[in-house]
file upload-v2.cif (mmCIF, C-alpha atoms)
data_start
#
loop_
_atom_site.label_atom_id
_atom_site.label_comp_id
_atom_site.auth_asym_id
_atom_site.auth_seq_id
_atom_site.Cartn_x
_atom_site.Cartn_y
_atom_site.Cartn_z
CA MET A 1 85.76 159.23 78.67
CA ASP A 2 82.06 158.69 79.18
CA LEU A 3 79.57 160.80 81.10
CA THR A 4 79.86 158.76 84.32
CA ALA A 5 83.59 159.41 84.54
CA ILE A 6 83.17 163.13 83.88
CA VAL A 7 80.41 163.45 86.52
CA PHE A 8 82.48 161.39 88.98
CA TYR A 9 85.60 163.52 88.60
CA LEU A 10 83.68 166.82 88.63
CA PHE A 11 81.83 166.03 91.84
CA SER A 12 84.82 164.36 93.52
CA ILE A 13 86.72 167.60 92.99
CA VAL A 14 83.75 169.62 94.30
CA THR A 15 83.44 167.36 97.36
CA VAL A 16 87.12 167.20 98.29
CA GLY A 17 87.74 170.86 97.41
CA ALA A 18 84.80 172.07 99.50
CA ALA A 19 85.97 169.86 102.39
CA ALA A 20 89.45 171.39 102.10
CA ILE A 21 87.95 174.91 102.14
CA MET A 22 85.93 173.88 105.21
CA VAL A 23 89.03 172.72 107.07
CA PHE A 24 91.35 175.59 106.12
CA SER A 25 88.97 178.56 106.02
CA LYS A 26 89.54 181.19 108.70
CA ASN A 27 85.87 182.15 108.85
CA ILE A 28 83.66 179.55 110.53
CA VAL A 29 80.51 180.58 108.64
CA HIS A 30 82.40 180.03 105.36
CA SER A 31 83.36 176.60 106.71
CA ALA A 32 79.72 175.72 107.33
CA PHE A 33 78.72 176.72 103.80
CA ALA A 34 81.66 174.80 102.32
CA LEU A 35 80.44 171.77 104.28
CA MET A 36 77.08 172.17 102.53
CA PHE A 37 78.72 171.89 99.08
CA SER A 38 80.74 168.91 100.26
CA LEU A 39 77.63 167.07 101.51
CA ALA A 40 75.72 167.81 98.30
CA GLY A 41 78.65 166.48 96.26
CA ILE A 42 78.60 163.30 98.34
CA ALA A 43 74.89 162.94 97.51
CA VAL A 44 75.80 163.03 93.78
CA LEU A 45 78.43 160.33 94.40
CA TYR A 46 75.68 158.20 96.00
CA VAL A 47 73.55 158.63 92.87
CA LEU A 48 76.51 157.44 90.79
CA LEU A 49 76.63 154.35 93.03
CA TYR A 50 72.94 153.54 92.31
CA ALA A 51 71.87 154.48 95.85
CA ASP A 52 68.97 156.80 95.06
CA PHE A 53 67.19 156.56 98.41
CA ILE A 54 70.41 157.18 100.39
CA ALA A 55 71.16 160.18 98.17
CA ALA A 56 67.73 161.68 98.89
CA THR A 57 68.15 160.96 102.60
CA GLN A 58 71.58 162.58 102.53
CA LEU A 59 70.14 165.76 101.03
CA LEU A 60 67.16 165.83 103.43
CA VAL A 61 68.94 164.92 106.67
CA TYR A 62 72.43 166.38 106.19
CA VAL A 63 71.96 169.41 103.95
CA GLY A 64 68.46 170.21 105.19
CA GLY A 65 68.77 169.24 108.85
CA ILE A 66 72.19 168.84 110.39
CA LEU A 67 73.71 171.78 108.51
CA ILE A 68 70.91 174.14 109.60
CA LEU A 69 71.40 172.88 113.16
CA ILE A 70 75.14 173.59 112.90
CA LEU A 71 74.48 177.10 111.55
CA PHE A 72 72.06 177.72 114.43
CA GLY A 73 74.67 176.58 116.92
CA LEU A 74 77.24 178.80 115.26
CA MET A 75 75.05 181.89 115.38
CA LEU A 76 73.94 181.26 118.98
CA THR A 77 77.39 180.62 120.43
CA GLU A 78 79.73 182.94 118.58
CA GLN A 79 80.58 186.23 120.26
CA ALA A 80 80.15 188.00 116.96
CA VAL A 81 81.27 191.41 118.16
CA THR A 82 84.53 190.40 119.76
CA GLN A 83 85.72 187.37 117.83
CA LYS A 84 84.12 187.96 114.42
CA PHE A 85 83.83 184.22 113.67
CA LYS A 86 87.62 183.87 113.67
CA ALA A 87 88.85 180.33 114.08
CA VAL A 88 91.92 179.31 116.05
CA THR A 89 94.15 176.57 114.75
CA VAL A 90 96.56 174.62 116.93
CA ASN A 91 98.75 171.54 116.43
CA MET A 92 98.95 172.37 112.72
CA LEU A 93 102.11 170.32 112.08
CA PRO A 94 101.17 167.08 113.90
CA ALA A 95 97.62 167.22 112.52
CA SER A 96 98.72 167.66 108.90
CA LEU A 97 101.39 164.98 109.32
CA LEU A 98 98.85 162.52 110.72
CA ALA A 99 96.34 163.37 107.98
CA ALA A 100 98.97 162.93 105.23
CA VAL A 101 100.14 159.59 106.67
CA THR A 102 96.52 158.40 106.94
CA THR A 103 95.83 159.34 103.31
CA VAL A 104 98.98 157.67 101.98
CA LEU A 105 98.45 154.46 103.96
CA LEU A 106 94.76 154.19 103.06
CA VAL A 107 95.31 154.89 99.36
CA TYR A 108 98.16 152.38 99.28
CA ALA A 109 96.01 149.76 101.00
CA TYR A 110 93.03 150.41 98.70
CA ALA A 111 95.11 150.36 95.52
CA THR A 112 97.07 147.20 96.30
CA THR A 113 94.25 145.05 97.70
CA SER A 114 92.55 142.81 95.17
CA TRP A 115 88.90 143.28 96.07
CA GLN A 116 86.51 140.40 95.48
CA MET A 117 84.20 142.20 93.11
CA VAL A 118 81.01 140.94 91.57
CA MET A 119 79.37 142.30 88.44
CA PRO A 120 77.39 145.38 89.49
CA GLU A 121 73.69 144.69 89.59
CA GLU A 122 71.72 147.03 87.38
CA ARG A 123 68.94 148.30 89.61
CA SER A 124 66.34 150.78 88.52
CA GLU A 125 65.46 151.72 92.10
CA THR A 126 66.39 150.62 95.62
CA VAL A 127 63.46 152.03 97.61
CA TYR A 128 61.28 148.91 97.25
CA ASP A 129 64.06 146.47 98.28
CA LEU A 130 65.19 148.71 101.13
CA GLY A 131 61.63 148.92 102.44
CA ILE A 132 61.25 145.13 102.36
CA LEU A 133 64.60 144.71 104.16
CA LEU A 134 63.71 147.34 106.75
CA MET A 135 60.46 145.57 107.61
CA SER A 136 61.93 142.04 107.69
CA ASP A 137 65.61 141.50 108.50
CA TYR A 138 66.23 144.94 109.99
CA ILE A 139 63.04 145.42 112.00
CA LEU A 140 64.84 145.38 115.38
CA PRO A 141 67.52 147.96 114.43
CA PHE A 142 64.74 150.05 112.87
CA ILE A 143 62.75 150.13 116.13
CA ILE A 144 65.89 150.78 118.20
CA ALA A 145 66.83 153.67 115.88
CA GLY A 146 63.36 155.14 116.35
CA VAL A 147 63.64 154.92 120.15
CA LEU A 148 67.17 156.39 119.97
CA LEU A 149 65.94 159.37 117.94
CA LEU A 150 63.08 159.94 120.40
CA ILE A 151 65.47 159.86 123.38
CA ALA A 152 67.94 162.16 121.59
CA ILE A 153 65.28 164.75 120.73
CA VAL A 154 63.75 164.66 124.24
CA GLY A 155 67.26 165.00 125.74
CA ALA A 156 68.17 167.90 123.46
CA ILE A 157 64.91 169.74 124.28
CA LEU A 158 65.37 169.09 128.00
CA MET A 159 68.93 170.44 127.98
CA SER A 160 67.97 173.54 126.00
CA THR A 161 64.86 174.40 128.05
CA ARG A 162 66.63 173.86 131.36
CA LEU A 163 69.12 176.40 130.10
CA THR A 164 66.49 179.10 129.59
CA ALA A 165 64.75 178.15 132.87
CA ILE A 166 67.96 178.75 134.85
CA LYS A 167 68.45 182.10 133.10
CA ASN A 168 64.88 183.17 133.89
CA GLU A 169 65.32 182.26 137.55
CA GLU A 170 68.48 184.33 137.75
CA GLN A 171 66.64 187.32 136.42
CA MET B 1 103.11 153.15 82.74
CA GLU B 2 101.03 155.76 80.95
CA LEU B 3 99.28 153.06 78.98
CA MET B 4 98.25 151.37 82.21
CA ILE B 5 97.08 154.44 84.09
CA THR B 6 94.90 156.08 81.42
CA PRO B 7 92.20 153.37 81.13
CA TRP B 8 92.26 153.03 84.92
CA LEU B 9 91.45 156.73 85.23
CA ALA B 10 88.76 156.65 82.54
CA GLU B 11 86.70 153.97 84.30
CA PRO B 12 85.66 155.04 87.81
CA GLY B 13 85.42 151.88 89.89
CA LEU B 14 85.50 150.83 93.52
CA VAL B 15 89.02 152.11 94.22
CA HIS B 16 88.21 155.61 92.93
CA PHE B 17 85.37 156.01 95.42
CA LEU B 18 87.52 154.57 98.21
CA ILE B 19 90.26 157.13 97.46
CA VAL B 20 87.74 160.01 97.59
CA SER B 21 86.56 158.73 100.98
CA ALA B 22 90.17 158.44 102.22
CA LEU B 23 90.77 162.10 101.30
CA LEU B 24 87.57 163.14 103.10
CA LEU B 25 88.56 161.09 106.16
CA SER B 26 91.96 162.77 106.44
CA LEU B 27 90.42 166.23 105.97
CA GLY B 28 87.92 165.47 108.74
CA LEU B 29 90.74 164.21 110.96
CA MET B 30 92.59 167.44 110.27
CA ALA B 31 89.53 169.51 111.28
CA VAL B 32 89.08 167.52 114.50
CA LEU B 33 92.74 167.80 115.50
CA SER B 34 93.70 171.30 114.43
CA ARG B 35 90.62 173.47 115.00
CA ARG B 36 89.69 174.60 118.49
CA ASN B 37 86.11 175.72 117.97
CA VAL B 38 83.70 173.03 119.21
CA ILE B 39 81.43 173.43 116.19
CA MET B 40 84.37 173.07 113.78
CA VAL B 41 85.28 169.81 115.54
CA LEU B 42 81.66 168.70 115.13
CA MET B 43 81.79 169.47 111.39
CA GLY B 44 84.96 167.38 111.14
CA VAL B 45 83.15 164.45 112.78
CA GLU B 46 80.31 164.80 110.24
CA LEU B 47 82.88 164.67 107.43
CA ILE B 48 84.41 161.48 108.86
CA LEU B 49 80.96 159.85 109.13
CA ASN B 50 80.25 160.77 105.50
CA SER B 51 83.52 159.26 104.32
CA ALA B 52 82.61 156.01 106.07
CA ASN B 53 79.22 156.11 104.34
CA ILE B 54 80.84 156.51 100.91
CA ASN B 55 82.89 153.39 101.64
CA LEU B 56 79.81 151.38 102.67
CA ILE B 57 77.81 152.38 99.61
CA ALA B 58 80.73 151.81 97.22
CA PHE B 59 81.13 148.31 98.65
CA SER B 60 77.38 147.73 98.36
CA ARG B 61 77.61 148.56 94.64
CA TYR B 62 80.74 146.66 93.66
CA THR B 63 80.96 143.66 96.01
CA SER B 64 78.61 140.98 97.26
CA LEU B 65 77.64 143.17 100.23
CA SER B 66 74.72 144.34 98.03
CA LEU B 67 71.87 146.21 99.73
CA GLU B 68 73.09 145.48 103.27
CA GLY B 69 75.70 148.21 102.84
CA GLN B 70 73.03 150.78 101.99
CA MET B 71 71.07 149.64 105.04
CA ILE B 72 74.07 150.23 107.33
CA ALA B 73 74.66 153.64 105.72
CA LEU B 74 71.03 154.54 106.46
CA PHE B 75 71.50 153.73 110.15
CA VAL B 76 74.75 155.72 110.20
CA ILE B 77 72.82 158.76 108.91
CA ILE B 78 70.13 158.28 111.60
CA ILE B 79 72.73 158.08 114.37
CA ALA B 80 74.58 161.12 112.96
CA ALA B 81 71.33 163.12 113.16
CA ALA B 82 70.78 162.11 116.80
CA GLU B 83 74.43 162.89 117.60
CA ALA B 84 74.23 166.37 116.03
CA ALA B 85 71.07 167.28 117.96
CA VAL B 86 72.49 166.20 121.34
CA ALA B 87 75.93 167.67 120.66
CA LEU B 88 74.54 171.10 119.79
CA ALA B 89 72.39 171.10 122.95
CA ILE B 90 75.57 170.32 124.92
CA VAL B 91 77.43 173.12 123.10
CA LEU B 92 74.69 175.62 124.01
CA ASN B 93 74.87 174.55 127.67
CA MET B 94 78.64 174.84 127.56
CA TYR B 95 78.42 178.33 126.09
CA SER B 96 76.04 179.54 128.78
CA ARG B 97 78.28 178.13 131.53
CA PHE B 98 81.76 179.06 130.32
CA ASN B 99 80.83 181.86 127.90
CA THR B 100 83.14 180.40 125.27
CA VAL B 101 83.24 177.55 122.75
CA HIS B 102 87.03 177.48 122.61
CA LEU B 103 88.11 173.96 123.62
CA ASP B 104 91.40 174.95 125.29
CA GLU B 105 89.66 177.34 127.69
CA ILE B 106 87.24 174.69 128.97
CA ASP B 107 89.63 172.85 131.29
CA SER B 108 87.99 172.77 134.73
CA LEU B 109 88.46 168.97 134.88
CA LYS B 110 92.19 169.32 134.25
CA GLY B 111 94.26 168.22 137.27
#
call {"tool": "encode", "arguments": {"input": "upload-v2.cif", "output": "structure tokens"}}
result
Amino acid sequence: MDLTAIVFYLFSIVTVGAAAIMVFSKNIVHSAFALMFSLAGIAVLYVLLYADFIAATQLLVYVGGILILILFGLMLTEQAVTQKFKAVTVNMLPASLLAAVTTVLLVYAYATTSWQMVMPEERSETVYDLGILLMSDYILPFIIAGVLLLIAIVGAILMSTRLTAIKNEEQ
Amino acid sequence: MELMITPWLAEPGLVHFLIVSALLLSLGLMAVLSRRNVIMVLMGVELILNSANINLIAFSRYTSLSLEGQMIALFVIIIAAAEAAVALAIVLNMYSRFNTVHLDEIDSLKG
């Protein structure tokens, strides 16, 4: 067993285990922190797949951005005194049945399909090639993604400030 | 049987990554279906998006998809960021209007 296999199994277990803790934990704040470990483990899996830029983006955007946003939302919306971050679970049986069936079917399909594989290219870095692609073949999606992000941020700010404006008027 | 499975386990390839992403997908599905806190549902959606990204990047490494897969994964991350920002603004609005984030109690559109 070489180092790649050991790292792969270690971080697969971290990723899937942290995701399981996230789903089954009774405390929502614990769930959010478990999600952090899961996302960081996924970043390590990206490094194993020779995707260094995507791994860095994953750490910056998911662990550094989206997770903080989720924690903010959690702290701002939870009625900490009354509910104490308790989570309610419903439909436990149908949900676990559906999840188990999905896993079994997907694993069966993945294991029995003969994928058309090519020899993995040994790349030292992907940033240069990704930059060239982004500025040539993918220039239109790149611009659209920029406009989408602008609209999303303006919309989020508008919704949040309107909220405080209504509250101030009521007072 | 044991002779076949041991070398398969020792060499992590495409199928290993796909299986990890299948497990993450079903856990995310479970979070979306069984939890009733809006933010928990949102975290489940993030998990599902990440499992899709693992698939894309594994295919970009092992098949002829090459760098295109990483490109698509990059755009998925961008859209996930936009989605999280807008969704949390909606959740804050919802909380100020209904004073709860419990999905079953927000049913004013129910006939």
call {"tool": "closest_atom_pairs", "arguments": {"input": "upload-v2.cif", "of": "chain B", "to": "chain A", "cutoff": "6 Å", "atoms": "all atoms listed in the file", "output": "Markdown table"}}
result
| residue | atom | partner | partner_atom | distance |
| --- | --- | --- | --- | --- |
| B:Ala10 | CA | A:Met1 | CA | 5.5 |
| B:Pro12 | CA | A:Ala5 | CA | 5.8 |
| B:Ile19 | CA | A:Val107 | CA | 5.8 |
| B:Ala22 | CA | A:Thr103 | CA | 5.8 |
| B:Ser26 | CA | A:Ala99 | CA | 4.7 |
| B:Met30 | CA | A:Ala95 | CA | 5.5 |
| B:Ala31 | CA | A:Val23 | CA | 5.3 |
| B:Leu33 | CA | A:Ala95 | CA | 5.7 |
| B:Ser34 | CA | A:Val90 | CA | 5.0 |
| B:Arg35 | CA | A:Thr89 | CA | 4.7 |
| B:Arg36 | CA | A:Val88 | CA | 5.8 |
| B:Tyr62 | CA | A:Pro120 | CA | 5.5 |
| B:Thr63 | CA | A:Met117 | CA | 4.6 |
| B:Ala82 | CA | A:Ala152 | CA | 5.6 |
| B:Val86 | CA | A:Ala156 | CA | 5.1 |
| B:Ala89 | CA | A:Ala156 | CA | 5.3 |
call {"tool": "residues_around", "arguments": {"input": "upload-v2.cif", "residues": "His102 in chain B", "least_positions_apart": "2", "cutoff": "7 Å", "atoms": "only C-alpha atoms", "output": "NGL selection string"}}
result
:B and (36-38 or 100 or 104-106)
call {"tool": "residues_around", "arguments": {"input": "upload-v2.cif", "residues": "range 64-77 of chain B", "least_positions_apart": "4", "cutoff": "7 Å", "atoms": "all atoms listed in the file", "output": "ChimeraX atom specification"}}
result
/A:54,118 /B:53,56-57,59-60,81
call {"tool": "atom_distance", "arguments": {"input": "upload-v2.cif", "atom1": "CA of Val41 in chain B", "atom2": "CA of Val20 in chain B"}}
result
20.6 Å
call {"tool": "atom_distance", "arguments": {"input": "upload-v2.cif", "atom1": "CA of Gly44 in chain B", "atom2": "CA of Gly28 in chain B"}}
result
4.3 Å
call {"tool": "closest_residue", "arguments": {"input": "upload-v2.cif", "among": "A:Ile144, A:Ser124, A:Ile132, A:Ile68", "to": "Leu88 in chain B", "atoms": "only C-alpha atoms"}}
result
A:Ile68
call {"tool": "closest_residue", "arguments": {"input": "upload-v2.cif", "among": "B:Ile78, B:Ala85, B:Val32, B:Ala58", "to": "Gly13 in chain B", "atoms": "all atoms listed in the file"}}
result
B:Ala58
call {"tool": "atom_distance", "arguments": {"input": "upload-v2.cif", "atom1": "CA of Leu29 in chain B", "atom2": "CA of Met43 in chain B"}}
result
10.4 Å
call {"tool": "closest_residue", "arguments": {"input": "upload-v2.cif", "among": "B:Leu24, B:Ser108, B:Met40, B:Met94", "to": "Gly41 in chain A", "atoms": "all atoms listed in the file"}}
result
B:Leu24
